[in-house]
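Structure data follow from coords_20.csv (CSV, C-alpha atoms):
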```csv
chain,number,residue,atom,x,y,z
A,401,MET,CA,-13.6,1.8,-17.9
A,402,THR,CA,-13.5,4.7,-15.5
A,403,ILE,CA,-10.7,6.5,-13.6
A,404,HIS,CA,-10.6,6.1,-9.8
A,405,ARG,CA,-11.0,9.2,-7.8
A,406,GLU,CA,-7.6,8.6,-6.1
A,407,GLY,CA,-6.0,9.3,-9.4
A,408,TYR,CA,-7.5,12.7,-10.2
A,409,LYS,CA,-4.8,14.8,-8.6
A,410,SER,CA,-1.9,12.6,-9.8
A,411,ILE,CA,-3.2,12.6,-13.4
A,412,ALA,CA,-3.7,16.4,-13.3
A,413,ILE,CA,-0.1,16.9,-12.1
A,414,GLY,CA,1.1,14.4,-14.7
A,415,ALA,CA,-0.8,16.1,-17.5
A,416,LEU,CA,0.6,19.5,-16.4
A,417,ALA,CA,4.2,18.2,-16.4
A,418,PHE,CA,3.6,16.6,-19.8
A,419,ALA,CA,2.4,19.9,-21.2
A,420,VAL,CA,5.2,22.0,-19.7
A,421,ILE,CA,8.0,19.6,-20.7
A,422,ASN,CA,6.8,19.4,-24.3
A,423,LEU,CA,6.2,23.1,-24.7
A,424,ILE,CA,9.8,23.7,-23.5
A,425,SER,CA,11.0,21.0,-25.9
A,426,PHE,CA,9.1,22.5,-28.8
A,427,TYR,CA,10.4,26.0,-28.4
A,428,PHE,CA,14.0,25.3,-27.4
A,429,ILE,CA,14.9,21.9,-28.9
A,430,SER,CA,12.7,21.0,-31.9
A,431,ALA,CA,14.4,23.6,-34.3
A,432,HIS,CA,17.8,22.1,-33.7
A,433,ALA,CA,17.0,18.5,-32.9
A,434,ALA,CA,13.6,17.5,-34.1
A,435,TRP,CA,14.3,13.8,-33.4
A,436,LEU,CA,15.1,14.6,-29.7
A,437,SER,CA,11.9,16.6,-29.3
A,438,ALA,CA,9.9,13.8,-30.9
A,439,LEU,CA,11.5,11.3,-28.5
A,440,ILE,CA,10.8,13.5,-25.5
A,441,PHE,CA,7.1,13.7,-26.6
A,442,LEU,CA,6.8,9.9,-27.0
A,443,LEU,CA,8.5,9.1,-23.7
A,444,THR,CA,6.4,11.7,-21.7
A,445,LEU,CA,3.2,10.6,-23.5
A,446,GLY,CA,4.0,6.9,-22.6
A,447,LEU,CA,4.5,7.9,-18.9
A,448,LEU,CA,1.2,9.9,-18.9
A,449,LEU,CA,-0.7,7.0,-20.4
A,450,PHE,CA,0.8,4.6,-17.9
A,451,LEU,CA,-0.2,6.9,-15.0
A,452,ILE,CA,-3.7,7.0,-16.4
A,453,SER,CA,-3.9,3.3,-16.8
A,454,PHE,CA,-2.7,2.8,-13.2
A,455,PHE,CA,-5.8,4.4,-11.9
A,456,ARG,CA,-8.2,2.6,-14.2
A,457,VAL,CA,-11.3,0.9,-12.9
A,458,PRO,CA,-12.4,-1.6,-15.6
A,459,GLY,CA,-16.1,-2.5,-15.9
A,460,ARG,CA,-16.5,-6.1,-14.6
A,461,LYS,CA,-19.2,-8.6,-13.8
A,462,LEU,CA,-18.5,-9.0,-10.1
A,463,THR,CA,-18.7,-12.5,-8.5
A,464,LYS,CA,-20.9,-12.9,-5.4
A,465,GLY,CA,-21.9,-15.9,-3.3
A,466,ASP,CA,-22.6,-16.3,0.4
A,467,ASN,CA,-20.3,-19.3,0.7
A,468,LEU,CA,-17.6,-17.7,-1.5
A,469,ILE,CA,-14.5,-15.7,-0.6
A,470,ILE,CA,-13.5,-13.5,-3.5
A,471,CYS,CA,-10.1,-12.2,-4.4
A,472,PRO,CA,-9.7,-8.6,-3.0
A,473,ALA,CA,-7.2,-7.6,-5.6
A,474,ASP,CA,-5.8,-8.1,-9.1
A,475,GLY,CA,-2.4,-9.7,-9.4
A,476,LYS,CA,-0.6,-13.0,-8.9
A,477,VAL,CA,-1.0,-15.5,-6.0
A,478,VAL,CA,2.5,-15.7,-4.4
A,479,VAL,CA,1.8,-17.3,-1.1
A,480,ILE,CA,-0.5,-20.1,0.1
A,481,GLU,CA,0.6,-21.2,3.6
A,482,GLU,CA,-0.3,-21.6,7.2
A,483,VAL,CA,1.1,-18.8,9.5
A,484,VAL,CA,0.7,-17.7,13.0
A,485,ASP,CA,-1.1,-14.3,13.1
A,486,GLU,CA,0.2,-12.1,15.9
A,487,GLU,CA,-2.0,-9.1,15.2
A,488,TYR,CA,-5.6,-10.2,15.7
A,489,PHE,CA,-6.4,-13.9,15.8
A,490,LYS,CA,-3.3,-14.9,17.9
A,491,ASP,CA,-3.3,-18.4,16.4
A,492,LYS,CA,-2.7,-20.2,13.1
A,493,ARG,CA,-4.4,-18.9,10.0
A,494,LEU,CA,-4.2,-19.8,6.3
A,495,GLN,CA,-2.6,-17.0,4.5
A,496,ILE,CA,-3.1,-16.3,0.7
A,497,SER,CA,-1.1,-13.4,-0.7
A,498,ILE,CA,-1.6,-11.6,-4.0
A,499,PHE,CA,1.2,-9.5,-5.5
A,500,MET,CA,0.1,-6.5,-7.4
A,501,SER,CA,2.6,-5.1,-10.0
A,502,PRO,CA,2.4,-1.4,-11.1
A,503,ALA,CA,0.6,-2.7,-14.2
A,504,ASN,CA,-2.3,-4.2,-12.3
A,505,VAL,CA,-5.6,-2.6,-11.3
A,506,HIS,CA,-5.0,-1.3,-7.8
A,507,GLN,CA,-8.6,-0.9,-6.5
A,508,ASN,CA,-9.2,-3.3,-3.6
A,509,ARG,CA,-12.6,-5.1,-2.9
A,510,ASN,CA,-14.2,-6.8,0.0
A,511,PRO,CA,-13.7,-10.6,-0.3
A,512,THR,CA,-16.9,-11.3,1.7
A,513,ALA,CA,-20.0,-9.6,3.0
A,514,GLY,CA,-20.3,-9.0,6.8
A,515,GLU,CA,-19.5,-6.6,9.5
A,516,VAL,CA,-16.1,-4.8,10.0
A,517,VAL,CA,-15.0,-5.6,13.5
A,518,TYR,CA,-11.3,-4.5,13.3
A,519,ASN,CA,-9.6,-1.7,11.3
A,520,GLN,CA,-6.1,-0.7,12.0
A,521,TYR,CA,-3.3,1.2,10.2
A,522,HIS,CA,0.3,0.3,10.9
A,523,ARG,CA,3.4,2.4,10.1
A,524,GLY,CA,6.3,0.3,8.8
A,525,LYS,CA,9.0,-0.3,6.3
A,526,TYR,CA,8.9,-0.4,2.5
A,527,LEU,CA,10.4,-3.8,1.7
A,528,VAL,CA,9.7,-5.2,-1.8
A,529,ALA,CA,6.1,-6.6,-1.8
A,530,TRP,CA,7.3,-10.2,-2.3
A,531,HIS,CA,9.6,-10.1,0.7
A,532,PRO,CA,8.4,-12.7,3.3
A,533,LYS,CA,8.6,-10.1,6.1
A,534,SER,CA,6.5,-7.5,4.2
A,535,SER,CA,3.3,-8.9,5.7
A,536,THR,CA,4.4,-8.0,9.3
A,537,GLU,CA,7.1,-5.2,8.9
A,538,ASN,CA,5.8,-3.0,6.0
A,539,GLU,CA,3.4,-0.2,6.2
A,540,ARG,CA,-0.1,-1.8,6.1
A,541,HIS,CA,-3.7,-1.5,6.8
A,542,SER,CA,-5.6,-4.4,8.4
A,543,VAL,CA,-9.3,-5.1,8.3
A,544,VAL,CA,-11.3,-8.0,9.8
A,545,ILE,CA,-14.7,-8.8,8.4
A,546,ARG,CA,-17.0,-11.0,10.4
A,547,HIS,CA,-19.1,-13.3,8.2
A,548,PRO,CA,-21.8,-15.7,9.7
A,549,GLN,CA,-19.4,-18.6,9.0
A,550,GLY,CA,-16.2,-17.0,10.4
A,551,GLU,CA,-13.8,-14.0,10.4
A,552,LEU,CA,-11.2,-13.2,7.8
A,553,LEU,CA,-8.4,-10.5,7.9
A,554,VAL,CA,-7.4,-8.5,4.9
A,555,LYS,CA,-4.0,-6.7,4.8
A,556,GLN,CA,-3.3,-3.9,2.3
A,557,ILE,CA,0.5,-3.8,2.3
A,558,ALA,CA,2.8,-1.1,0.9
A,559,GLY,CA,5.7,-2.2,-1.3
A,560,ALA,CA,8.9,-0.6,-2.3
A,561,LEU,CA,7.0,1.8,-4.6
A,562,ALA,CA,3.7,2.0,-2.8
A,563,ARG,CA,3.7,5.0,-0.5
A,564,ARG,CA,0.0,5.5,0.2
A,565,ILE,CA,-2.7,3.0,1.3
A,566,VAL,CA,-6.3,4.2,1.2
A,567,ASN,CA,-9.0,2.3,3.2
A,568,TYR,CA,-12.6,3.3,3.2
A,569,LEU,CA,-14.0,1.0,5.9
A,570,HIS,CA,-14.7,1.6,9.6
A,571,VAL,CA,-15.5,-0.6,12.5
A,572,GLY,CA,-19.2,-1.4,12.8
A,573,GLN,CA,-19.8,-1.0,9.1
A,574,LYS,CA,-21.8,-3.6,7.2
A,575,VAL,CA,-20.1,-4.3,3.9
A,576,GLU,CA,-21.1,-5.9,0.7
A,577,GLN,CA,-19.1,-8.6,-1.1
A,578,SER,CA,-16.9,-7.3,-3.9
A,579,ALA,CA,-17.7,-3.6,-3.0
A,580,GLU,CA,-14.8,-1.2,-2.9
A,581,MET,CA,-12.6,-1.6,0.2
A,582,GLY,CA,-9.7,0.8,-0.7
A,583,PHE,CA,-6.9,1.6,-3.0
A,584,ILE,CA,-3.1,1.2,-2.9
A,585,LYS,CA,-0.9,3.6,-5.0
A,586,PHE,CA,1.7,1.7,-7.1
A,587,GLY,CA,3.2,-1.8,-6.6
A,588,SER,CA,2.0,-3.6,-3.5
A,589,ARG,CA,0.5,-6.7,-2.0
A,590,VAL,CA,-2.7,-7.9,-0.3
A,591,ASP,CA,-2.8,-10.8,2.2
A,592,VAL,CA,-6.0,-12.6,3.2
A,593,LEU,CA,-5.9,-14.6,6.5
A,594,LEU,CA,-8.5,-17.4,6.7
A,595,PRO,CA,-9.5,-20.1,9.2
A,596,PRO,CA,-7.2,-23.1,8.9
A,597,GLY,CA,-8.6,-25.8,6.6
A,598,THR,CA,-10.6,-23.4,4.4
A,599,PRO,CA,-10.9,-24.9,0.9
A,600,VAL,CA,-8.7,-22.9,-1.4
A,601,GLU,CA,-9.8,-22.3,-5.0
A,602,VAL,CA,-6.6,-20.8,-6.4
A,603,LYS,CA,-3.1,-22.0,-7.0
A,604,LEU,CA,0.4,-20.5,-6.6
A,605,ASN,CA,1.4,-18.2,-9.5
A,606,GLN,CA,-2.2,-18.0,-10.7
A,607,VAL,CA,-3.3,-14.6,-12.1
A,608,VAL,CA,-6.4,-13.4,-10.4
A,609,GLN,CA,-8.9,-10.5,-10.7
A,610,GLY,CA,-10.3,-8.6,-7.7
A,611,GLY,CA,-14.0,-9.0,-7.3
A,612,VAL,CA,-14.1,-11.8,-9.9
A,613,THR,CA,-11.9,-14.7,-9.1
A,614,VAL,CA,-13.0,-17.1,-6.3
A,615,LEU,CA,-10.2,-17.3,-3.7
A,616,ALA,CA,-11.7,-19.8,-1.3
A,617,LYS,CA,-14.9,-21.1,0.1
A,618,TRP,CA,-16.4,-21.0,3.6
A,619,LYS,CA,-16.6,-24.5,5.1
```
Could you render the structure as structure tokens?
Amino acid sequence: MTIHREGYKSIAIGALAFAVINLISFYFISAHAAWLSALIFLLTLGLLLFLISFFRVPGRKLTKGDNLIICPADGKVVVIEEVVDEEYFKDKRLQISIFMSPANVHQNRNPTAGEVVYNQYHRGKYLVAWHPKSSTENERHSVVIRHPQGELLVKQIAGALARRIVNYLHVGQKVEQSAEMGFIKFGSRVDVLLPPGTPVEVKLNQVVQGGVTVLAKWK
């Protein structure tokens, strides 16, 4: 396991806060209330370890296959339905949404190999990630990757806690399947919009892993 570069600054600030709080606690509280000082230490240590775990990048054997569409994120499948995409395709698409809790790995990966033909950031609200309107009203970053068998759109969507979406792709870039696409800080959601009728390989409420679980297959 490694730590994602997006976490270096946050973890450094967290470690500094941990040190300062516990030094103050040791000098001003421990002599009179050792139990309280110990409690502060345990609580702040737990928060620091949680912060570190949030930016973890576990070592994985990534799944690849020219006819496969791989999950772009860790989390739970919360939506599998046909929708009308108003942003890019302007027609019906099959939407699969993955909810990412704060405990999930938050690195996002390319679901397919191909060329990036669309890349757009949208300002928006911070509705809870499972809200039906979060796909179209929340802050989000949309990317379309063109594969020889079709195009798919991936949306990185901010949630009530997520306040920063990072996307590393650009239009014209050739991307590899399961390579890093970006990162979302704290609880969030990722939508994948596929051609109607695409064979789906996951089920509602299924727990999936980014870069590993097969989401669907190109027809």
Cut-off 12 Å: closest segment 540-603 of chain A/segment 462-485 of chain A atom pairs per residue, using all atoms listed in the file, as JSON lines:
```
{"residue": "A:Ser542", "atom": "CA", "partner": "A:Asp485", "partner_atom": "CA", "distance": 11.8}
{"residue": "A:Val543", "atom": "CA", "partner": "A:Pro472", "partner_atom": "CA", "distance": 11.8}
{"residue": "A:Ile545", "atom": "CA", "partner": "A:Ile469", "partner_atom": "CA", "distance": 11.3}
{"residue": "A:His547", "atom": "CA", "partner": "A:Asp466", "partner_atom": "CA", "distance": 9.1}
{"residue": "A:Pro548", "atom": "CA", "partner": "A:Asp466", "partner_atom": "CA", "distance": 9.4}
{"residue": "A:Gln549", "atom": "CA", "partner": "A:Asn467", "partner_atom": "CA", "distance": 8.4}
{"residue": "A:Gly550", "atom": "CA", "partner": "A:Asn467", "partner_atom": "CA", "distance": 10.8}
{"residue": "A:Glu551", "atom": "CA", "partner": "A:Ile469", "partner_atom": "CA", "distance": 11.2}
{"residue": "A:Leu552", "atom": "CA", "partner": "A:Ile469", "partner_atom": "CA", "distance": 9.4}
{"residue": "A:Leu553", "atom": "CA", "partner": "A:Asp485", "partner_atom": "CA", "distance": 9.7}
{"residue": "A:Val554", "atom": "CA", "partner": "A:Pro472", "partner_atom": "CA", "distance": 8.2}
{"residue": "A:Lys555", "atom": "CA", "partner": "A:Pro472", "partner_atom": "CA", "distance": 9.8}
{"residue": "A:Gln556", "atom": "CA", "partner": "A:Pro472", "partner_atom": "CA", "distance": 9.5}
{"residue": "A:Ile557", "atom": "CA", "partner": "A:Ala473", "partner_atom": "CA", "distance": 11.7}
{"residue": "A:Glu576", "atom": "CA", "partner": "A:Lys464", "partner_atom": "CA", "distance": 9.3}
{"residue": "A:Gln577", "atom": "CA", "partner": "A:Lys464", "partner_atom": "CA", "distance": 6.3}
{"residue": "A:Ser578", "atom": "CA", "partner": "A:Leu462", "partner_atom": "CA", "distance": 6.6}
{"residue": "A:Ala579", "atom": "CA", "partner": "A:Leu462", "partner_atom": "CA", "distance": 9.0}
{"residue": "A:Glu580", "atom": "CA", "partner": "A:Pro472", "partner_atom": "CA", "distance": 9.0}
{"residue": "A:Met581", "atom": "CA", "partner": "A:Pro472", "partner_atom": "CA", "distance": 8.2}
{"residue": "A:Gly582", "atom": "CA", "partner": "A:Pro472", "partner_atom": "CA", "distance": 9.7}
{"residue": "A:Phe583", "atom": "CA", "partner": "A:Ala473", "partner_atom": "CA", "distance": 9.6}
{"residue": "A:Ile584", "atom": "CA", "partner": "A:Ala473", "partner_atom": "CA", "distance": 10.1}
{"residue": "A:Gly587", "atom": "CA", "partner": "A:Gly475", "partner_atom": "CA", "distance": 10.1}
{"residue": "A:Ser588", "atom": "CA", "partner": "A:Gly475", "partner_atom": "CA", "distance": 9.6}
{"residue": "A:Arg589", "atom": "CA", "partner": "A:Gly475", "partner_atom": "CA", "distance": 8.5}
{"residue": "A:Val590", "atom": "CA", "partner": "A:Ala473", "partner_atom": "CA", "distance": 7.0}
{"residue": "A:Asp591", "atom": "CA", "partner": "A:Val479", "partner_atom": "CA", "distance": 8.6}
{"residue": "A:Val592", "atom": "CA", "partner": "A:Pro472", "partner_atom": "CA", "distance": 8.3}
{"residue": "A:Leu593", "atom": "CA", "partner": "A:Asp485", "partner_atom": "CA", "distance": 8.2}
{"residue": "A:Leu594", "atom": "CA", "partner": "A:Glu482", "partner_atom": "CA", "distance": 9.2}
{"residue": "A:Pro595", "atom": "CA", "partner": "A:Glu482", "partner_atom": "CA", "distance": 9.5}
{"residue": "A:Pro596", "atom": "CA", "partner": "A:Glu482", "partner_atom": "CA", "distance": 7.3}
{"residue": "A:Gly597", "atom": "CA", "partner": "A:Glu482", "partner_atom": "CA", "distance": 9.3}
{"residue": "A:Thr598", "atom": "CA", "partner": "A:Ile469", "partner_atom": "CA", "distance": 10.0}
{"residue": "A:Pro599", "atom": "CA", "partner": "A:Ile469", "partner_atom": "CA", "distance": 10.0}
{"residue": "A:Val600", "atom": "CA", "partner": "A:Ile480", "partner_atom": "CA", "distance": 8.8}
{"residue": "A:Glu601", "atom": "CA", "partner": "A:Ile469", "partner_atom": "CA", "distance": 9.2}
{"residue": "A:Val602", "atom": "CA", "partner": "A:Val477", "partner_atom": "CA", "distance": 7.7}
{"residue": "A:Lys603", "atom": "CA", "partner": "A:Val477", "partner_atom": "CA", "distance": 6.9}
```
- Excluding Ala417 of chain A and any residue of its chain fewer than 5 positions from it, enumerate the residues within 9 Å of it, using all atoms listed in the file, and give them as a list in words. Ala412, Asn422 and Thr444 of chain A
- Message: Considering only C-alpha atoms, can you say which of A:Pro511, A:Met401, A:Ala438, A:Ser430 comes closest to Ser453 of chain A?
- Response: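 Answer, going by the shortest atom-to-atom distance: A:Met401.
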- In Å and to one decimal, atom CA of Ala513 of chain A is distant from atom CA of Gly407 of chain A by 26.6 Å
- Query: What residues have an atom no more than 10 Å from (-18.4, -0.2, 10.6) in the file's own frame, counting only C-alpha atoms, and can you write them as a ChimeraX atom specification?
  - Reply: /A:514-519,545,569-575
- Item | Nearest residue to Arg564 of chain A from the set A:Glu539, A:Asn605, A:Thr402, A:Ile440 (distances using only C-alpha atoms) |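 Of A:Glu539, A:Asn605, A:Thr402, A:Ile440, the one nearest Arg564 of chain A is A:Glu539, counting only C-alpha atoms.
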- Point-to-point distance from atom CA of Pro502 of chain A to atom CA of Tyr488 of chain A, Å rounded to tenths: 29.3 Å
- Task: Rounded to one decimal place, report the atom CA of Arg460 of chain A-atom CA of Ile403 of chain A distance in Å.
- Result: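 It comes out at 13.9 Å.
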Where atoms are lacking, segment 414-442 of chain A completed to N, CA and C atoms, as a JSON list (two decimals), keeping the file's coordinate frame:
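That gives us selection37.json:
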```json
[["chain", "number", "residue", "atom", "x", "y", "z"],
["A", 414, "GLY", "N", 0.44, 15.03, -13.62],
["A", 414, "GLY", "CA", 1.10, 14.40, -14.70],
["A", 414, "GLY", "C", 0.86, 15.08, -16.05],
["A", 415, "ALA", "N", -0.40, 15.45, -16.28],
["A", 415, "ALA", "CA", -0.80, 16.10, -17.50],
["A", 415, "ALA", "C", -0.13, 17.52, -17.60],
["A", 416, "LEU", "N", -0.06, 18.21, -16.47],
["A", 416, "LEU", "CA", 0.60, 19.50, -16.40],
["A", 416, "LEU", "C", 2.08, 19.40, -16.75],
["A", 417, "ALA", "N", 2.73, 18.40, -16.13],
["A", 417, "ALA", "CA", 4.20, 18.20, -16.40],
["A", 417, "ALA", "C", 4.39, 17.82, -17.85],
["A", 418, "PHE", "N", 3.51, 16.99, -18.41],
["A", 418, "PHE", "CA", 3.60, 16.60, -19.80],
["A", 418, "PHE", "C", 3.53, 17.85, -20.72],
["A", 419, "ALA", "N", 2.58, 18.74, -20.43],
["A", 419, "ALA", "CA", 2.40, 19.90, -21.20],
["A", 419, "ALA", "C", 3.62, 20.87, -21.14],
["A", 420, "VAL", "N", 4.10, 21.10, -19.92],
["A", 420, "VAL", "CA", 5.20, 22.00, -19.70],
["A", 420, "VAL", "C", 6.49, 21.48, -20.38],
["A", 421, "ILE", "N", 6.80, 20.20, -20.17],
["A", 421, "ILE", "CA", 8.00, 19.60, -20.70],
["A", 421, "ILE", "C", 7.98, 19.70, -22.26],
["A", 422, "ASN", "N", 6.84, 19.41, -22.86],
["A", 422, "ASN", "CA", 6.80, 19.40, -24.30],
["A", 422, "ASN", "C", 6.72, 20.81, -24.92],
["A", 423, "LEU", "N", 6.19, 21.76, -24.20],
["A", 423, "LEU", "CA", 6.20, 23.10, -24.70],
["A", 423, "LEU", "C", 7.69, 23.65, -24.68],
["A", 424, "ILE", "N", 8.41, 23.34, -23.61],
["A", 424, "ILE", "CA", 9.80, 23.70, -23.50],
["A", 424, "ILE", "C", 10.61, 23.04, -24.66],
["A", 425, "SER", "N", 10.33, 21.75, -24.85],
["A", 425, "SER", "CA", 11.00, 21.00, -25.90],
["A", 425, "SER", "C", 10.71, 21.58, -27.28],
["A", 426, "PHE", "N", 9.46, 21.95, -27.54],
["A", 426, "PHE", "CA", 9.10, 22.50, -28.80],
["A", 426, "PHE", "C", 9.77, 23.81, -29.14],
["A", 427, "TYR", "N", 9.83, 24.70, -28.14],
["A", 427, "TYR", "CA", 10.40, 26.00, -28.40],
["A", 427, "TYR", "C", 11.92, 26.07, -28.35],
["A", 428, "PHE", "N", 12.56, 25.18, -27.60],
["A", 428, "PHE", "CA", 14.00, 25.30, -27.40],
["A", 428, "PHE", "C", 14.81, 24.13, -28.05],
["A", 429, "ILE", "N", 14.13, 23.03, -28.42],
["A", 429, "ILE", "CA", 14.90, 21.90, -28.90],
["A", 429, "ILE", "C", 14.50, 21.49, -30.34],
["A", 430, "SER", "N", 13.21, 21.59, -30.66],
["A", 430, "SER", "CA", 12.70, 21.00, -31.90],
["A", 430, "SER", "C", 13.41, 21.64, -33.16],
["A", 431, "ALA", "N", 13.75, 22.94, -33.12],
["A", 431, "ALA", "CA", 14.40, 23.60, -34.30],
["A", 431, "ALA", "C", 15.75, 23.03, -34.59],
["A", 432, "HIS", "N", 16.46, 22.59, -33.56],
["A", 432, "HIS", "CA", 17.80, 22.10, -33.70],
["A", 432, "HIS", "C", 17.92, 20.59, -33.72],
["A", 433, "ALA", "N", 17.00, 19.93, -33.03],
["A", 433, "ALA", "CA", 17.00, 18.50, -32.90],
["A", 433, "ALA", "C", 15.61, 17.94, -32.86],
["A", 434, "ALA", "N", 14.98, 17.91, -34.02],
["A", 434, "ALA", "CA", 13.60, 17.50, -34.10],
["A", 434, "ALA", "C", 13.39, 16.07, -33.57],
["A", 435, "TRP", "N", 14.38, 15.20, -33.82],
["A", 435, "TRP", "CA", 14.30, 13.80, -33.40],
["A", 435, "TRP", "C", 14.25, 13.71, -31.86],
["A", 436, "LEU", "N", 15.03, 14.58, -31.20],
["A", 436, "LEU", "CA", 15.10, 14.60, -29.70],
["A", 436, "LEU", "C", 13.75, 15.09, -29.17],
["A", 437, "SER", "N", 13.20, 16.11, -29.78],
["A", 437, "SER", "CA", 11.90, 16.60, -29.30],
["A", 437, "SER", "C", 10.82, 15.60, -29.50],
["A", 438, "ALA", "N", 10.86, 14.86, -30.63],
["A", 438, "ALA", "CA", 9.90, 13.80, -30.90],
["A", 438, "ALA", "C", 10.03, 12.68, -29.84],
["A", 439, "LEU", "N", 11.28, 12.35, -29.50],
["A", 439, "LEU", "CA", 11.50, 11.30, -28.50],
["A", 439, "LEU", "C", 11.02, 11.71, -27.14],
["A", 440, "ILE", "N", 11.25, 12.97, -26.77],
["A", 440, "ILE", "CA", 10.80, 13.50, -25.50],
["A", 440, "ILE", "C", 9.23, 13.39, -25.44],
["A", 441, "PHE", "N", 8.60, 13.75, -26.55],
["A", 441, "PHE", "CA", 7.10, 13.70, -26.60],
["A", 441, "PHE", "C", 6.63, 12.26, -26.43],
["A", 442, "LEU", "N", 7.25, 11.30, -27.13],
["A", 442, "LEU", "CA", 6.80, 9.90, -27.00],
["A", 442, "LEU", "C", 7.03, 9.35, -25.65]]
```
